Every structure is written in C-alpha cells, then in structure tokens.
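Have a look at the structure below before the remarks.
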Amino acid sequence: MSRVTALVVLLTTFGSAAFAADLHRADQAPGDAAAVEKGKQLFAMCAGCHGADGEGKVGVAPRLNSPNYLAAAPNEFFSETLKTGRTGTNMAAFGASMPDEDVAAITSYIRSWQTEAGLDLDESPLTGSVADGEKIWIDICKTCHGAGGAGYSEAGSGTGIGRADFLNVSSDGFLRAIMKEGKDGTKMRSFSTDSPIAVADLTDEEIDSIIQYLRANAW
C-alpha cells in the first residue's frame with residue numbers, strides 16, 4: 001500500500017468516526033455493526049405495524065424513521081417504549097419476554113436511521129400554565145390528536161400523546177423539540193414562530209403550556 005493510499009484510508013476511517021461522533025448526542029450512542037444487524041432481523045416483528053423501513057402506518061403505529069424525530073429522541077425513549085409498551089394501542093410491552101440485549105439491538109437498528117445531528121434538548125423547567133395549554137390544545141392540537149389525546153383511538157391522524165405511557169418516557173426537552181421542529185414525513189409540522197412552515201406561530205411559553213396541560217391530564 002502506498003503512502004498516499006494509506007493516508008486516504010486513515011482519513012476516511014477517522015473522518016467517518018468523527019462524523020458519527022458529531023451526529024449523535026451522548027444519549028444517542030449508536031450500536032456496533034453486529035448489534036444493528038441483529039436489530040434489523042428482530043425488527044421484522046415490528047414491521048407489521050411500523051413498516052419495513054420504519055415509515056409507520058397512520059391509524060396503526062407511528063413513523064419511526066423520521067430525521068428530526070430521531071435527532072430529538074434519546075435511545076432510552078425507544079428502549080423504554082419497547083419494555084413498557086403503550087396501553088390501549090398496538091404497542092405491546094416486551095419487557096417481560098424480550099432480553100435486554102434484544103431491546104438494545106432493536107434500538108441500535110432504529111438509531112442507524114439517524115441522518116441529522118442530535119438536537120440540543122432544552123430541559124429547563126416548564127413555563128406557561130395548564131389553563132393556557134388547554135385552550136391551545138382545544139384550538140389546535142385536538143384536531144389530529146383527539147380531544148383526550150388518544151390519537152388513533154379517537155379517529156385522529158396523530159398519535160396518542162396524552163397517554164401516560166408516552167409521557168413517562170418523554171422528557172420536556174424532547175416534547176419541546178418535536179413541537180418546535182415537527183416530525184418529518186408526517187402531518188406533524190412545526191409550531192415554532194421561527195419556522196417558515198409552521199402550522200401555528202407558538203411562543204416558547206405557549207409550547208410549554210401544552211406540555212403542562214398534557215402532563216396534568218395524562219391518563
């Protein structure tokens with residue numbers, strides 16, 4: 001191998017590693033190739049609802065393969081969802097039947113779809129109020145997510161974000177990010193005043209109020 005070829009290989013190898021390191025937050029650590037491949041095989045049992053490539057099926061299960069969604073979600077969001085499930089939905093709890101290494105493998109496979117750098121999540125204390133959040137929910141959110149936040153169960157086109165099972169694994173920073181950024185590949189558009197495609201121009205305090213309302217009324 002010539003010195004030039006060796007240098008190219010070195011730069012390619014370490015450049016790729018640096019890119020991967022920059023792509024993921026500390027709580028989004030990607031799995032190794034073996035874990036991803038195992039996760040891909042295991043994901044076959046998830047594909048019936050979430051789609052072979054994680055594209056989701058409206059009315060059945062949400063899209064997982066969404067660039068800004070993956071940029072916001074930590075690994076724990078997926079692993080804990082696999083373990084605890086979502087009561088009243090097609091998402092069963094696998095904690096008692098699935099080994100932790102299989103949960104980690106599926107999480108690694110889902111993480112392998114990430115193409116955008118992990119977002120910096122704002123986990124500061126919530127502002128706003130439950131009362132203000134209720135008004136915004138009724139005016140804007142319930143159209144897709146249902147009056148009670150049950151989503152598909154209320155014939156909505158959005159997921160059931162009012163469920164305690166969902167909110168228990170979702171940090172305030174994650175919820176803020178999804179509301180501000182939207183969810184690529186779905187009808188969930190941005191709600192941030194800074195976005196040119198926002199479906200509603202909501203301030204940070206108004207977004208926090210929605211989260212306050214959801215947490216106060218989780219079921």
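Labels used: A, B, ... for chains in the order of the structure tokens, numbers from 1 for residues in each chain, and numbers from 1 for ligands as shown.
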* Asked: Using only C-alpha atoms, which residues sit within 7 Å of region 105-107 of chain A once same-chain residues fewer than 5 positions away are excluded, as a list in words?
  ->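 Counting only the stated atoms, we get Ala35, Val36, Lys38, Gly39, Lys40, Leu42, Phe43, Asn75, Phe78 and Ser79 of chain A.
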Can those selected residues be exported to a file as a PDB file, in the first residue's frame so that it contains C-alpha atoms?
ATOM      1  CA  ALA A  35     -25.999  -5.030  17.086  1.00  0.00           C
ATOM      2  CA  VAL A  36     -27.508  -3.151  14.146  1.00  0.00           C
ATOM      3  CA  LYS A  38     -29.312  -8.243  14.908  1.00  0.00           C
ATOM      4  CA  GLY A  39     -31.742  -5.388  15.450  1.00  0.00           C
ATOM      5  CA  LYS A  40     -32.635  -5.422  11.768  1.00  0.00           C
ATOM      6  CA  LEU A  42     -35.595  -8.559  15.164  1.00  0.00           C
ATOM      7  CA  PHE A  43     -37.353  -5.528  13.716  1.00  0.00           C
ATOM      8  CA  ASN A  75     -32.082   5.839  22.957  1.00  0.00           C
ATOM      9  CA  PHE A  78     -37.138   3.663  22.260  1.00  0.00           C
ATOM     10  CA  SER A  79     -35.824   1.072  24.715  1.00  0.00           C
TER      11      SER A  79
END
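With only C-alpha atoms taken into account, the protein and nucleic acid residues at most 6 Å from region 203-211 of chain A (excluding it and anything under 3 positions from it in its own chain) are Leu126, Thr127, Gly128, Ser129, Val130, Asp132, Gly133 and Leu214 of chain A.
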Discussion item. List the spatial neighbours of Ala26 (chain A) as an NGL selection string - criterion: any atom at most 12 Å away, only C-alpha atoms, same-chain residues fewer than 2 positions off excluded.
Written reply: :A and (20-24 or 28-30 or 71 or 73-76 or 117-121)
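Every protein or nucleic acid residue with an atom no more than 10 Å from region 80-87 of chain A, counting only C-alpha atoms and leaving out same-chain residues fewer than 5 positions away, appears here: A:Asn75, A:Ala92, A:Ala93, A:Phe94, A:Gly95, A:Ala96, A:Ser97, A:Met98, A:Pro99, A:Asp100, A:Val103, A:Ala104, A:Ile106, A:Thr107, A:Gly160, A:Arg163, A:Ala164, A:Asp165, A:Phe166, A:Asn168, A:Val169, A:Ser170, A:Trp219.
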Polymer residues at most 9 Å from region 182-195 of chain A, only C-alpha atoms, same-chain spacing of 4 or more positions, as JSON, numbers by chain:
{"A": [55, 62, 63, 65, 66, 67, 68, 69, 144, 157, 158, 177, 178, 199, 200, 201, 202, 203, 204, 207]}
Identify, on the basis of only C-alpha atoms, every residue whose closest approach to Gly156 (chain A) does not exceed 9 Å; exclude the query and any residue fewer than 3 positions from it along the same chain; express the result as an NGL selection string.
:A and (59 or 142-146 or 150-153 or 159-160)
When DSSP works through the backbone of this structure, what residues of region 53-173 of chain A end up as alpha helix (DSSP H), shown as an NGL selection string?
-> :A and (67-72 or 75-84 or 100-111 or 130-136 or 142-145 or 164-167 or 172-173)
(message) Report, in Å to a single decimal, how far apart CA of Ala47 (chain A) and CA of Asp172 (chain A) are.
(response)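 Rounded to one decimal, the two atoms are 28.5 Å apart.
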Work out how far CA of Cys141 (chain A) is from CA of Gln114 (chain A), in Å to one decimal.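 Distance between the two atoms: 26.9 Å.
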| field | Nearest to Ala131 (chain A) by atom-to-atom distance, counting only C-alpha atoms, from A:Leu167, A:Leu64, A:Leu175, A:Ala216 | value |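 Comparing A:Leu167, A:Leu64, A:Leu175, A:Ala216 against Ala131 (chain A), the winner is A:Ala216.
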Taken to one decimal, the CA of Ser171 (chain A)-CA of Ile140 (chain A) distance is 21.7 Å
